[in-house]
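Engineer: This is the content of coords05.cif (mmCIF, C-alpha atoms and all ligand atoms):
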data_model
loop_
_atom_site.label_atom_id
_atom_site.label_comp_id
_atom_site.auth_asym_id
_atom_site.auth_seq_id
_atom_site.Cartn_x
_atom_site.Cartn_y
_atom_site.Cartn_z
CA MET A 26 -124.43 -8.89 199.41
CA ARG A 27 -125.35 -9.88 195.87
CA THR A 28 -123.64 -13.04 194.57
CA TYR A 29 -122.71 -13.44 190.90
CA LEU A 30 -121.91 -16.74 189.24
CA VAL A 31 -119.69 -15.89 186.28
CA THR A 32 -119.02 -18.77 183.91
CA GLY A 33 -115.91 -18.65 181.73
CA GLY A 34 -114.41 -15.96 183.94
CA ALA A 35 -110.86 -17.08 183.17
CA GLY A 36 -111.31 -16.34 179.47
CA PHE A 37 -110.91 -13.07 177.59
CA ILE A 38 -114.22 -11.27 178.11
CA GLY A 39 -115.08 -13.01 181.38
CA SER A 40 -111.86 -11.93 183.08
CA ASN A 41 -112.28 -8.35 181.84
CA TYR A 42 -115.84 -8.40 183.18
CA ILE A 43 -114.67 -9.61 186.60
CA HIS A 44 -112.03 -6.86 186.77
CA TYR A 45 -114.63 -4.29 185.73
CA MET A 46 -117.16 -5.48 188.31
CA PHE A 47 -114.68 -5.35 191.20
CA GLN A 48 -113.54 -1.90 190.10
CA LYS A 49 -117.14 -0.74 190.09
CA TYR A 50 -118.65 -2.56 193.08
CA ASP A 51 -115.52 -3.45 195.12
CA SER A 52 -116.71 -5.27 198.25
CA GLN A 53 -120.43 -4.77 197.59
CA ILE A 54 -120.63 -7.95 195.51
CA ARG A 55 -119.34 -11.50 195.62
CA ILE A 56 -118.20 -13.30 192.46
CA ILE A 57 -117.88 -17.03 191.95
CA ASN A 58 -115.95 -17.81 188.79
CA LEU A 59 -116.79 -21.21 187.30
CA ASP A 60 -114.36 -22.22 184.58
CA LYS A 61 -113.07 -25.48 183.17
CA LEU A 62 -109.72 -23.88 182.21
CA THR A 63 -109.61 -25.10 178.62
CA TYR A 64 -106.75 -23.86 176.41
CA ALA A 65 -108.55 -20.46 176.43
CA GLY A 66 -108.91 -20.15 180.19
CA ASN A 67 -106.02 -18.73 182.16
CA LEU A 68 -105.91 -17.90 185.85
CA GLU A 69 -103.14 -15.39 185.15
CA ASN A 70 -105.95 -13.22 183.76
CA LEU A 71 -107.25 -12.84 187.30
CA LYS A 72 -104.10 -11.71 189.05
CA GLY A 73 -105.08 -8.96 191.42
CA VAL A 74 -108.54 -10.34 192.20
CA GLU A 75 -107.70 -13.86 193.32
CA ASP A 76 -106.81 -12.86 196.88
CA ARG A 77 -110.04 -11.01 197.49
CA ASP A 78 -112.35 -12.42 200.18
CA ASN A 79 -115.33 -11.80 197.92
CA TYR A 80 -113.95 -13.86 194.98
CA THR A 81 -113.97 -17.64 194.59
CA PHE A 82 -112.69 -19.74 191.73
CA ILE A 83 -114.23 -23.15 191.03
CA ARG A 84 -112.74 -25.35 188.35
CA ALA A 85 -115.59 -27.28 186.77
CA ASP A 86 -117.21 -28.07 183.44
CA ILE A 87 -120.56 -26.36 182.78
CA CYS A 88 -121.72 -29.65 181.27
CA ASP A 89 -121.19 -31.41 184.61
CA ARG A 90 -124.72 -31.34 186.01
CA ASP A 91 -123.76 -32.46 189.53
CA ALA A 92 -120.97 -29.92 189.87
CA VAL A 93 -123.18 -27.07 188.62
CA ASN A 94 -126.14 -28.06 190.82
CA GLN A 95 -123.84 -28.26 193.82
CA ILE A 96 -122.69 -24.66 193.26
CA PHE A 97 -126.32 -23.51 193.32
CA GLN A 98 -127.08 -25.62 196.41
CA GLU A 99 -124.11 -24.32 198.35
CA ASN A 100 -124.43 -20.66 197.35
CA ASP A 101 -127.35 -18.28 197.14
CA ILE A 102 -126.64 -17.15 193.57
CA ASP A 103 -128.44 -13.94 192.58
CA ARG A 104 -127.05 -13.36 189.11
CA VAL A 105 -125.62 -15.66 186.49
CA VAL A 106 -123.48 -14.12 183.76
CA HIS A 107 -122.77 -16.87 181.29
CA PHE A 108 -119.64 -16.43 179.15
CA ALA A 109 -118.26 -19.99 179.12
CA ALA A 110 -118.08 -21.28 175.57
CA GLU A 111 -115.88 -22.56 172.84
CA SER A 112 -115.43 -19.27 171.02
CA HIS A 113 -113.23 -19.60 167.96
CA VAL A 114 -114.75 -20.01 164.48
CA ASP A 115 -111.64 -21.64 162.94
CA ARG A 116 -111.54 -24.30 165.64
CA SER A 117 -115.26 -24.97 165.13
CA ILE A 118 -114.62 -25.66 161.44
CA LYS A 119 -112.04 -28.30 162.37
CA ASP A 120 -113.84 -29.85 165.33
CA PRO A 121 -117.51 -28.88 165.72
CA GLU A 122 -118.51 -31.45 168.35
CA ILE A 123 -117.02 -29.76 171.42
CA PHE A 124 -118.84 -26.57 170.36
CA VAL A 125 -122.20 -28.30 170.55
CA ARG A 126 -121.32 -29.96 173.83
CA THR A 127 -120.10 -26.86 175.67
CA ASN A 128 -122.19 -24.16 174.04
CA VAL A 129 -125.50 -25.99 173.77
CA LEU A 130 -125.48 -28.70 176.44
CA GLY A 131 -123.51 -26.55 178.89
CA THR A 132 -126.04 -23.72 178.56
CA LEU A 133 -128.91 -26.16 179.14
CA VAL A 134 -127.26 -27.53 182.29
CA LEU A 135 -126.86 -24.00 183.65
CA LEU A 136 -130.43 -23.03 182.80
CA ASN A 137 -131.76 -26.11 184.59
CA ALA A 138 -129.61 -25.57 187.66
CA ALA A 139 -130.63 -21.91 187.95
CA LYS A 140 -134.29 -22.72 187.35
CA ALA A 141 -134.28 -25.46 190.00
CA ALA A 142 -132.61 -23.16 192.53
CA TRP A 143 -134.71 -20.04 191.86
CA GLU A 144 -138.20 -21.34 191.06
CA LEU A 145 -140.92 -21.05 193.71
CA PRO A 146 -143.73 -23.64 194.14
CA ASP A 147 -146.17 -21.41 192.22
CA GLY A 148 -143.90 -21.27 189.17
CA THR A 149 -142.67 -17.73 189.78
CA TYR A 150 -139.07 -16.96 190.74
CA GLN A 151 -137.33 -15.59 193.80
CA GLU A 152 -137.13 -11.81 193.70
CA GLY A 153 -134.18 -10.29 191.87
CA LYS A 154 -132.73 -13.47 190.35
CA LYS A 155 -131.41 -12.96 186.82
CA PHE A 156 -129.55 -14.94 184.19
CA LEU A 157 -127.64 -13.17 181.42
CA HIS A 158 -126.59 -15.22 178.42
CA VAL A 159 -123.67 -13.73 176.50
CA SER A 160 -123.93 -14.39 172.78
CA THR A 161 -122.66 -13.12 169.48
CA ASP A 162 -123.86 -11.12 166.47
CA GLU A 163 -122.64 -14.03 164.31
CA VAL A 164 -126.01 -15.75 164.92
CA TYR A 165 -127.55 -13.24 162.46
CA GLY A 166 -125.37 -14.41 159.57
CA SER A 167 -123.59 -12.14 157.13
CA LEU A 168 -124.45 -8.68 155.80
CA GLU A 169 -123.57 -7.69 152.27
CA GLU A 170 -124.83 -4.17 151.76
CA GLU A 171 -123.23 -1.19 153.43
CA GLY A 172 -125.79 0.58 155.56
CA GLU A 173 -127.49 -2.67 156.60
CA TYR A 174 -127.26 -3.57 160.29
CA PHE A 175 -128.17 -6.37 162.65
CA TYR A 176 -131.10 -5.56 164.93
CA GLU A 177 -132.55 -7.63 167.75
CA ASN A 178 -135.31 -8.85 165.42
CA THR A 179 -133.01 -9.78 162.53
CA PRO A 180 -133.73 -13.45 161.71
CA TYR A 181 -131.09 -15.93 162.79
CA ASP A 182 -128.97 -17.28 159.94
CA PRO A 183 -125.77 -18.77 161.40
CA HIS A 184 -123.17 -20.21 159.02
CA SER A 185 -120.28 -21.61 161.02
CA PRO A 186 -120.52 -24.48 163.50
CA TYR A 187 -119.56 -21.90 166.16
CA SER A 188 -122.37 -19.50 165.32
CA ALA A 189 -124.82 -22.39 164.88
CA SER A 190 -123.99 -23.61 168.38
CA LYS A 191 -124.38 -20.09 169.83
CA ALA A 192 -127.69 -19.66 167.95
CA SER A 193 -128.87 -22.96 169.45
CA SER A 194 -127.92 -21.81 172.94
CA ASP A 195 -129.79 -18.54 172.40
CA MET A 196 -132.85 -20.50 171.30
CA LEU A 197 -132.70 -22.57 174.47
CA VAL A 198 -132.59 -19.42 176.60
CA LYS A 199 -135.48 -17.95 174.60
CA SER A 200 -137.43 -21.19 175.08
CA TYR A 201 -136.93 -21.00 178.87
CA ILE A 202 -138.17 -17.41 178.81
CA ASP A 203 -141.24 -18.34 176.78
CA THR A 204 -142.04 -21.65 178.43
CA TYR A 205 -141.12 -21.08 182.07
CA HIS A 206 -141.04 -17.28 182.23
CA PHE A 207 -137.42 -17.80 183.29
CA PRO A 208 -135.79 -14.48 184.31
CA ALA A 209 -133.17 -14.10 181.59
CA ASN A 210 -131.67 -11.66 179.12
CA ILE A 211 -129.59 -12.34 176.04
CA THR A 212 -126.90 -9.99 174.75
CA ASN A 213 -125.46 -10.40 171.26
CA CYS A 214 -122.24 -8.51 170.84
CA SER A 215 -119.85 -7.77 168.01
CA ASN A 216 -116.12 -8.64 167.87
CA ASN A 217 -114.34 -7.69 171.09
CA TYR A 218 -110.71 -6.64 171.43
CA GLY A 219 -108.55 -5.63 174.39
CA PRO A 220 -106.33 -7.02 177.17
CA TYR A 221 -106.17 -10.78 177.83
CA GLN A 222 -107.41 -11.81 174.38
CA PHE A 223 -105.98 -15.14 173.29
CA PRO A 224 -103.78 -14.76 170.18
CA GLU A 225 -105.83 -17.07 167.99
CA LYS A 226 -108.15 -14.11 167.28
CA LEU A 227 -107.21 -11.51 164.68
CA ILE A 228 -106.03 -8.52 166.74
CA PRO A 229 -103.78 -10.20 169.34
CA LEU A 230 -102.46 -12.59 166.69
CA ILE A 231 -101.39 -9.71 164.46
CA ILE A 232 -99.83 -7.77 167.36
CA ASN A 233 -97.91 -10.84 168.53
CA ASN A 234 -96.70 -11.88 165.08
CA ALA A 235 -95.72 -8.35 164.02
CA LEU A 236 -93.59 -7.86 167.13
CA GLN A 237 -91.70 -11.04 166.26
CA GLY A 238 -91.37 -10.30 162.54
CA LYS A 239 -93.62 -13.27 161.71
CA LYS A 240 -95.98 -13.37 158.72
CA LEU A 241 -99.41 -11.81 159.18
CA PRO A 242 -102.01 -14.20 157.74
CA VAL A 243 -104.91 -12.49 155.94
CA TYR A 244 -107.80 -14.72 154.93
CA GLY A 245 -109.17 -14.27 151.39
CA ASP A 246 -109.01 -10.70 150.07
CA GLY A 247 -108.80 -9.12 153.55
CA LYS A 248 -111.94 -7.10 152.91
CA ASN A 249 -114.25 -8.90 155.34
CA VAL A 250 -115.70 -6.42 157.79
CA ARG A 251 -116.06 -6.77 161.54
CA ASP A 252 -117.52 -4.27 164.02
CA TRP A 253 -114.88 -3.92 166.78
CA LEU A 254 -115.93 -3.33 170.39
CA TYR A 255 -113.52 -2.50 173.22
CA VAL A 256 -113.92 -5.22 175.83
CA GLU A 257 -114.34 -2.88 178.81
CA ASP A 258 -117.21 -1.11 177.04
CA HIS A 259 -118.76 -4.55 176.58
CA ALA A 260 -118.35 -5.38 180.29
CA LYS A 261 -120.09 -2.12 181.13
CA GLY A 262 -122.91 -2.91 178.71
CA ILE A 263 -123.52 -6.31 180.29
CA ASP A 264 -123.72 -4.79 183.75
CA LEU A 265 -126.11 -2.07 182.55
CA VAL A 266 -128.37 -4.61 180.86
CA GLN A 267 -128.67 -6.53 184.14
CA GLU A 268 -129.24 -3.33 186.12
CA LYS A 269 -131.47 -1.32 183.81
CA GLY A 270 -132.58 -3.55 180.96
CA ARG A 271 -136.03 -5.03 180.67
CA LEU A 272 -136.09 -8.66 181.78
CA PHE A 273 -136.66 -11.24 179.00
CA GLU A 274 -135.32 -8.87 176.34
CA THR A 275 -132.42 -9.29 173.94
CA TYR A 276 -129.92 -6.42 173.53
CA ASN A 277 -127.34 -6.10 170.79
CA ILE A 278 -124.02 -4.60 171.92
CA GLY A 279 -121.90 -3.23 169.07
CA GLY A 280 -118.88 -1.01 168.65
CA HIS A 281 -120.28 1.15 165.81
CA ASN A 282 -116.80 0.66 164.44
CA GLU A 283 -116.73 -1.26 161.18
CA LYS A 284 -113.39 -2.01 159.64
CA GLN A 285 -112.04 -4.33 156.99
CA ASN A 286 -109.50 -6.84 158.30
CA ILE A 287 -106.76 -5.37 156.14
CA GLU A 288 -107.45 -1.89 157.58
CA ILE A 289 -107.12 -3.33 161.09
CA ILE A 290 -103.76 -4.82 160.19
CA HIS A 291 -102.47 -1.53 158.77
CA ILE A 292 -103.68 0.36 161.85
CA ILE A 293 -101.89 -2.12 164.12
CA LEU A 294 -98.66 -1.85 162.13
CA ASP A 295 -98.80 1.97 162.11
CA THR A 296 -99.61 2.12 165.83
CA LEU A 297 -96.82 -0.29 166.72
CA ARG A 298 -94.32 1.81 164.76
CA GLU A 299 -95.59 4.93 166.50
CA MET A 300 -95.55 3.46 170.02
CA LEU A 301 -92.32 1.46 170.01
CA PRO A 302 -89.41 3.58 171.27
CA GLU A 303 -86.56 4.27 168.79
CA SER A 304 -84.26 2.11 170.90
CA ASP A 305 -86.54 -0.97 170.75
CA ALA A 306 -85.10 -3.62 168.43
CA ARG A 307 -88.60 -4.82 167.51
CA ARG A 308 -89.15 -1.65 165.41
CA GLU A 309 -87.01 -3.23 162.71
CA LEU A 310 -89.28 -6.27 162.59
CA VAL A 311 -92.60 -4.46 162.19
CA SER A 312 -93.12 -4.25 158.45
CA ASP A 313 -95.94 -4.20 155.88
CA ASP A 314 -94.01 -6.91 154.02
CA LEU A 315 -95.16 -9.40 156.66
CA ILE A 316 -98.73 -9.24 155.30
CA THR A 317 -99.42 -12.62 153.73
CA TYR A 318 -102.65 -13.51 151.95
CA VAL A 319 -103.63 -17.09 152.76
CA GLU A 320 -106.49 -19.40 151.77
CA ASP A 321 -109.87 -18.04 152.82
CA ARG A 322 -111.75 -19.41 155.82
CA LYS A 323 -114.46 -21.87 154.75
CA GLY A 324 -117.90 -20.20 154.79
CA HIS A 325 -116.29 -16.87 155.75
CA ASP A 326 -118.99 -14.33 156.68
CA ARG A 327 -118.43 -11.10 154.76
CA ARG A 328 -119.63 -8.41 157.09
CA TYR A 329 -121.00 -8.01 160.62
CA ALA A 330 -122.38 -4.71 161.91
CA ILE A 331 -124.63 -3.86 164.82
CA ALA A 332 -126.74 -0.76 165.26
CA PRO A 333 -126.81 -0.59 169.07
CA ASP A 334 -129.93 1.61 169.09
CA LYS A 335 -132.02 -0.39 171.55
CA ILE A 336 -129.38 -0.61 174.28
CA LYS A 337 -128.64 3.08 173.89
CA LYS A 338 -132.28 4.08 174.11
CA GLU A 339 -133.29 1.73 176.93
CA VAL A 340 -130.25 1.53 179.19
CA GLY A 341 -128.16 4.50 178.10
CA TRP A 342 -125.16 2.45 176.93
CA TYR A 343 -123.03 3.39 173.96
CA PRO A 344 -119.52 2.33 172.85
CA GLU A 345 -117.39 4.97 174.56
CA THR A 346 -113.93 3.92 173.43
CA LYS A 347 -112.81 5.14 170.01
CA PHE A 348 -110.87 2.52 168.06
CA GLU A 349 -107.72 4.70 167.94
CA ASP A 350 -107.74 4.82 171.75
CA GLY A 351 -108.78 1.20 172.30
CA ILE A 352 -106.10 -0.20 170.02
CA ARG A 353 -103.42 1.92 171.73
CA LYS A 354 -104.54 0.70 175.16
CA THR A 355 -104.53 -2.87 173.88
CA ILE A 356 -101.05 -2.59 172.36
CA GLN A 357 -99.76 -0.93 175.53
CA TRP A 358 -101.19 -3.81 177.56
CA PHE A 359 -99.42 -6.34 175.33
CA PHE A 360 -96.15 -4.38 175.68
CA GLU A 361 -96.51 -4.63 179.45
CA HIS A 362 -97.47 -8.31 179.46
CA GLU A 363 -94.81 -10.03 177.38
CA GLU A 364 -94.63 -12.84 179.94
CA TRP A 365 -98.37 -13.45 179.62
CA MET A 366 -98.02 -13.78 175.85
CA LYS A 367 -95.02 -16.08 176.21
CA ASN A 368 -96.92 -18.32 178.60
CA VAL A 369 -100.10 -18.60 176.53
CA THR A 370 -98.22 -19.19 173.28
CA SER A 371 -95.98 -21.94 174.61
CA GLY A 372 -96.88 -25.61 174.22
CA SER A 373 -100.18 -26.43 172.58
CA TYR A 374 -100.51 -23.00 170.90
CA GLN A 375 -97.43 -23.78 168.76
CA LYS A 376 -99.04 -26.97 167.52
CA TYR A 377 -102.33 -25.19 166.84
CA TYR A 378 -100.50 -22.48 164.87
CA GLN A 379 -98.55 -24.95 162.74
CA ASP A 380 -101.65 -27.03 161.94
CA MET A 381 -103.75 -23.96 161.19
CA TYR A 382 -101.44 -21.76 159.12
CA LYS A 383 -98.52 -23.78 157.76
CA ILE A 384 -96.75 -20.45 157.03
P1 LIG B 401 -112.68 -17.32 175.47
O1 LIG B 401 -112.52 -18.47 174.53
O2 LIG B 401 -111.56 -16.36 175.65
O3 LIG B 401 -113.02 -17.88 176.93
C1 LIG B 401 -113.93 -18.92 177.15
C2 LIG B 401 -113.79 -19.36 178.61
O4 LIG B 401 -114.75 -20.40 178.85
C3 LIG B 401 -112.41 -19.93 178.94
O5 LIG B 401 -111.97 -19.43 180.18
C4 LIG B 401 -112.67 -21.43 179.03
O6 LIG B 401 -111.79 -22.10 179.92
C5 LIG B 401 -114.11 -21.46 179.51
N1 LIG B 401 -114.78 -22.72 179.13
C6 LIG B 401 -114.81 -23.31 177.91
N2 LIG B 401 -115.51 -24.45 177.96
C7 LIG B 401 -115.95 -24.57 179.25
C8 LIG B 401 -116.74 -25.53 179.91
N3 LIG B 401 -117.21 -26.62 179.29
N4 LIG B 401 -117.02 -25.35 181.21
C9 LIG B 401 -116.55 -24.25 181.89
N5 LIG B 401 -115.78 -23.32 181.31
C10 LIG B 401 -115.49 -23.47 179.99
O7 LIG B 401 -114.01 -16.60 175.02
P2 LIG B 401 -114.37 -15.06 175.02
O8 LIG B 401 -113.83 -14.43 173.79
O9 LIG B 401 -114.07 -14.49 176.34
O10 LIG B 401 -115.95 -15.13 174.84
C11 LIG B 401 -116.83 -15.18 175.97
C12 LIG B 401 -118.26 -15.30 175.48
O11 LIG B 401 -118.56 -14.19 174.64
C13 LIG B 401 -118.51 -16.55 174.65
O12 LIG B 401 -119.77 -17.05 175.01
C14 LIG B 401 -118.50 -16.05 173.22
O13 LIG B 401 -119.33 -16.84 172.40
C15 LIG B 401 -119.05 -14.66 173.40
N6 LIG B 401 -118.60 -13.69 172.37
C16 LIG B 401 -117.28 -13.43 172.20
C17 LIG B 401 -116.88 -12.50 171.24
C18 LIG B 401 -115.45 -12.12 171.05
O14 LIG B 401 -115.16 -11.24 170.22
N7 LIG B 401 -114.50 -12.70 171.75
C19 LIG B 401 -117.84 -11.84 170.45
C20 LIG B 401 -119.18 -12.17 170.64
C21 LIG B 401 -119.56 -13.08 171.62
P1 LIG B 402 -111.61 -13.67 164.42
O1 LIG B 402 -110.77 -12.81 165.31
O2 LIG B 402 -111.31 -15.14 164.36
O3 LIG B 402 -113.12 -13.40 164.84
P2 LIG B 402 -114.51 -13.87 164.08
O4 LIG B 402 -114.19 -14.93 163.11
O5 LIG B 402 -115.31 -14.39 165.22
O6 LIG B 402 -115.07 -12.64 163.47
O7 LIG B 402 -111.49 -13.10 162.94
C1 LIG B 402 -111.80 -11.76 162.65
C2 LIG B 402 -111.67 -11.58 161.15
O8 LIG B 402 -110.28 -11.70 160.80
C3 LIG B 402 -112.38 -12.64 160.33
O9 LIG B 402 -112.91 -12.04 159.14
C4 LIG B 402 -111.29 -13.64 159.96
C5 LIG B 402 -110.07 -12.76 159.84
N1 LIG B 402 -108.78 -13.41 160.20
C6 LIG B 402 -107.70 -13.33 159.32
O10 LIG B 402 -107.79 -12.76 158.22
N2 LIG B 402 -106.51 -13.91 159.70
C7 LIG B 402 -106.37 -14.57 160.89
O11 LIG B 402 -105.27 -15.11 161.17
C8 LIG B 402 -107.49 -14.62 161.79
C9 LIG B 402 -107.39 -15.32 163.11
C10 LIG B 402 -108.68 -14.02 161.41
#
As a first step, turn the structure in this file into structure tokens.
Structural biologist:
Amino acid sequence: MRTYLVTGGAGFIGSNYIHYMFQKYDSQIRIINLDKLTYAGNLENLKGVEDRDNYTFIRADICDRDAVNQIFQENDIDRVVHFAAESHVDRSIKDPEIFVRTNVLGTLVLLNAAKAAWELPDGTYQEGKKFLHVSTDEVYGSLEEEGEYFYENTPYDPHSPYSASKASSDMLVKSYIDTYHFPANITNCSNNYGPYQFPEKLIPLIINNALQGKKLPVYGDGKNVRDWLYVEDHAKGIDLVQEKGRLFETYNIGGHNEKQNIEIIHIILDTLREMLPESDARRELVSDDLITYVEDRKGHDRRYAIAPDKIKKEVGWYPETKFEDGIRKTIQWFFEHEEWMKNVTSGSYQKYYQDMYKI
């Protein structure tokens, strides 16, 4: 049975990936989820898988060399899928240091542990071992012109401390590929949305605020463009890259779904109005008047867009979920998980929100 070490599996994309993998492979695989459970990690995201015999959760920091080495010594890990990171641009602007620690140092610790466990005396690696590093399209910087896209060979030009730390981690993985022939892939994906996303990111924040009649903060002129990818499509892409992709290669994973932030907000408001039953008191609260333009994010990248040509051609992946469907599924999930939202927005989230928005 193949054993996966998933880092950051209690976060947004990691937990969706774990659900996807068990749906697809059921008892054919074993997953070890290594997560520190920062503010962004939540074991509630894994309800339904935690009782499985072929799932293990280990609470540890990826920067803790001894803890990570021990996991490799005690388990015959076949695949690493590395999600664990500090992931929010706004937080990186306020406090960059933890981003460098987790994203750069943590990635190095994992690379070293996997290399030590998998390398043979002649410098080659045990058959079938693979490391997949999950990264972002933000490493490529910002696009201005419509019709321009990020490709795998687009030069790196990160602007935020977050994207600089992810770019650094990518460079470390690339250096292990080039120097040690380490069996890795890198995927750079666009903005994800879907179930279990923490409401510091645009889409869940807008859904949550709108349902409570709270202001909807729009940075700058609201015309920044992001390329939205449904998280389950992303999970599928990661699996396909490990199964069918060429080792050592980078693959961009994008939604082919560019939208301005203000368009996203209007779509969410319209969809909420359409989906909420007449009898639901929250219908009264959902209003365009909640849209509030606030000070722009420092160094705000204007536009991200991926042309996912390589992954389509080489592994047959494409973004299956249309935005109209993905946003409905996401909103439906939030309707059905009010408790989840209440739990993640209690306590420290309130303080974060007050410090960040002051509205
Ligand atoms: P997230 O913030 O929701 O989850 C991160 C997870 O990592 C959490 O469970 C957290 O507890 C864990 N973690 C943080 N620091 C850790 C540490 N030191 N040791 C162990 N675990 C730690 O993030 P996400 O949105 O799921 O993103 C996952 C990955 O995908 C990240 O590497 C991110 O850079 C990348 N990515 C995300 C997006 C997106 O739209 N969310 C887009 C592109 C790339
Ligand atoms: P975000 O979800 O933080 O993802 P990223 O910065 O990684 O792209 O933000 C998506 C876009 O939405 C980005 O252009 C910033 C903007 N934004 C707002 O306008 N208001 C908000 O409250 C947030 C969180 C983001």
Engineer: Kindly indicate which residue among A:Glu170, A:Asp147, A:Glu274, A:Asp252 lies nearest to ligand LIG 401 (chain B), using only C-alpha atoms and all ligand atoms for the distances.
Structural biologist: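 Of the candidates, the smallest distance to ligand LIG 401 (chain B) is held by A:Asp252.
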Engineer: Write out as a VMD selection string each polymer residue whose atoms come within 9 Å of Tyr205 in chain A, counting all atoms listed in the file; drop sequence neighbours fewer than 4 positions from it.
Structural biologist: chain A and resid 140 148 to 149 200 to 201
Engineer: Taking all atoms listed in the file into account, name the residue in A:Ser185, A:Thr275, A:Ser40, A:Thr204 that is nearest to ligand LIG 402 (chain B).
Structural biologist: A:Ser185
Engineer: Is it possible to get the axis-aligned box enclosing range 205-214 of chain A (all listed atoms, 5 Å extra per side) as JSON, with centre and edge lengths in Å rounded to one decimal?
Structural biologist:
{"center_x": -131.7, "center_y": -14.8, "center_z": 177.6, "size_x": 28.9, "size_y": 22.6, "size_z": 23.5}
Engineer: Could you tell me which of A:Ser194, A:Gln48, A:Asn216, A:Thr296 comes closest to ligand LIG 401 (chain B) if we count all atoms listed in the file?
Structural biologist: A:Asn216
Engineer: From the set A:Tyr329, A:Tyr150, A:Tyr221, A:Phe124, which residue has the shortest atom-to-atom contact distance to Lys191 in chain A, counting only C-alpha atoms?
Structural biologist: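 Answer, going by the shortest atom-to-atom distance: A:Phe124.
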Engineer: Can you tell me which residues sit at most 6 Å away from ligand LIG 401 (chain B), counting all atoms listed in the file, written as number ranges by chain?
Structural biologist: A: 33-39, 60-63, 65-66, 85-88, 108-112, 127, 159-161, 214-217
Engineer: What are the nearest atom pairs, with distances in Å to one decimal, for all residues of chain A that come at most 9 Å from ligand LIG 402 (chain B), using all atoms listed in the file, set out by chain and rising residue number as CSV?
Structural biologist:
residue,atom,partner,partner_atom,distance
A:Ser112,CA,B:LIG402,O5,7.6
A:His113,CA,B:LIG402,O2,6.0
A:Val114,CA,B:LIG402,O4,5.3
A:Asp115,CA,B:LIG402,O2,6.7
A:Thr161,CA,B:LIG402,O5,8.6
A:Glu163,CA,B:LIG402,O5,7.4
A:Tyr187,CA,B:LIG402,O5,8.7
A:Ser188,CA,B:LIG402,O5,8.7
A:Ser215,CA,B:LIG402,O6,8.2
A:Asn216,CA,B:LIG402,O6,6.0
A:Asn217,CA,B:LIG402,O1,8.5
A:Tyr218,CA,B:LIG402,O1,8.7
A:Pro224,CA,B:LIG402,C9,8.0
A:Glu225,CA,B:LIG402,C9,5.4
A:Lys226,CA,B:LIG402,O1,3.5
A:Leu227,CA,B:LIG402,O1,3.8
A:Ile228,CA,B:LIG402,O1,6.6
A:Pro229,CA,B:LIG402,O1,8.5
A:Leu230,CA,B:LIG402,C9,6.7
A:Ile231,CA,B:LIG402,O11,7.4
A:Leu241,CA,B:LIG402,O11,7.0
A:Pro242,CA,B:LIG402,O11,4.8
A:Val243,CA,B:LIG402,O10,3.7
A:Tyr244,CA,B:LIG402,O10,3.8
A:Gly245,CA,B:LIG402,O10,7.1
A:Asp246,CA,B:LIG402,O10,8.5
A:Gly247,CA,B:LIG402,O10,6.0
A:Lys248,CA,B:LIG402,O9,8.0
A:Asn249,CA,B:LIG402,O9,5.1
A:Val250,CA,B:LIG402,O9,6.4
A:Arg251,CA,B:LIG402,O6,6.3
A:Asp252,CA,B:LIG402,O6,8.7
A:Gln285,CA,B:LIG402,O9,8.1
A:Asn286,CA,B:LIG402,O8,5.5
A:Ile287,CA,B:LIG402,O10,7.7
A:Ile289,CA,B:LIG402,O8,9.0
A:Tyr318,CA,B:LIG402,O10,8.1
A:Val319,CA,B:LIG402,O10,8.1
A:Asp321,CA,B:LIG402,O10,7.8
A:Arg322,CA,B:LIG402,C4,7.1
A:His325,CA,B:LIG402,O9,6.8
A:Asp326,CA,B:LIG402,O9,6.9
A:Arg327,CA,B:LIG402,O9,7.1
A:Arg328,CA,B:LIG402,O9,7.9
A:Tyr329,CA,B:LIG402,O6,8.0
A:Met381,CA,B:LIG402,O11,9.0
A:Tyr382,CA,B:LIG402,O11,7.9
Engineer: Identify which of the residues A:Gln357, A:Gln267, A:Asn67, A:Gln237 lies closest to Pro220 in chain A, counting all atoms listed in the file when measuring atom-to-atom distances.
Structural biologist: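 For Pro220 in chain A, the nearest of the candidates is A:Gln357.
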Engineer: Let me make sure I understand: among A:Asn233, A:Gln379, A:Ser371, A:Ser193, which one has the smallest atom-to-atom distance to Trp358 in chain A if we use all atoms listed in the file?
Structural biologist: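 Of A:Asn233, A:Gln379, A:Ser371, A:Ser193, the one nearest Trp358 in chain A is A:Asn233, counting all atoms listed in the file.
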Engineer: Record the distance separating CA of Arg353 in chain A and CA of Lys338 in chain A, expressed in Å with one decimal.
Structural biologist: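 We find that CA of Arg353 in chain A and CA of Lys338 in chain A lie 29.0 Å from each other.
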Engineer: Please report the interatomic distance between CA of Asn79 in chain A and CA of Val369 in chain A in Å with one decimal.
Structural biologist: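 These atoms are spaced 27.1 Å apart.
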Engineer: CA of Tyr255 in chain A and CA of Tyr29 in chain A are how many Å apart?
Structural biologist: 22.7 Å
Engineer: Skipping near chain neighbours, those fewer than 3 positions away, what residues fall within 10 Å of Ala141 in chain A using all atoms listed in the file, listed as an NGL selection string?
Structural biologist: :A and (94 or 97-98 or 135-138 or 144-145 or 150)
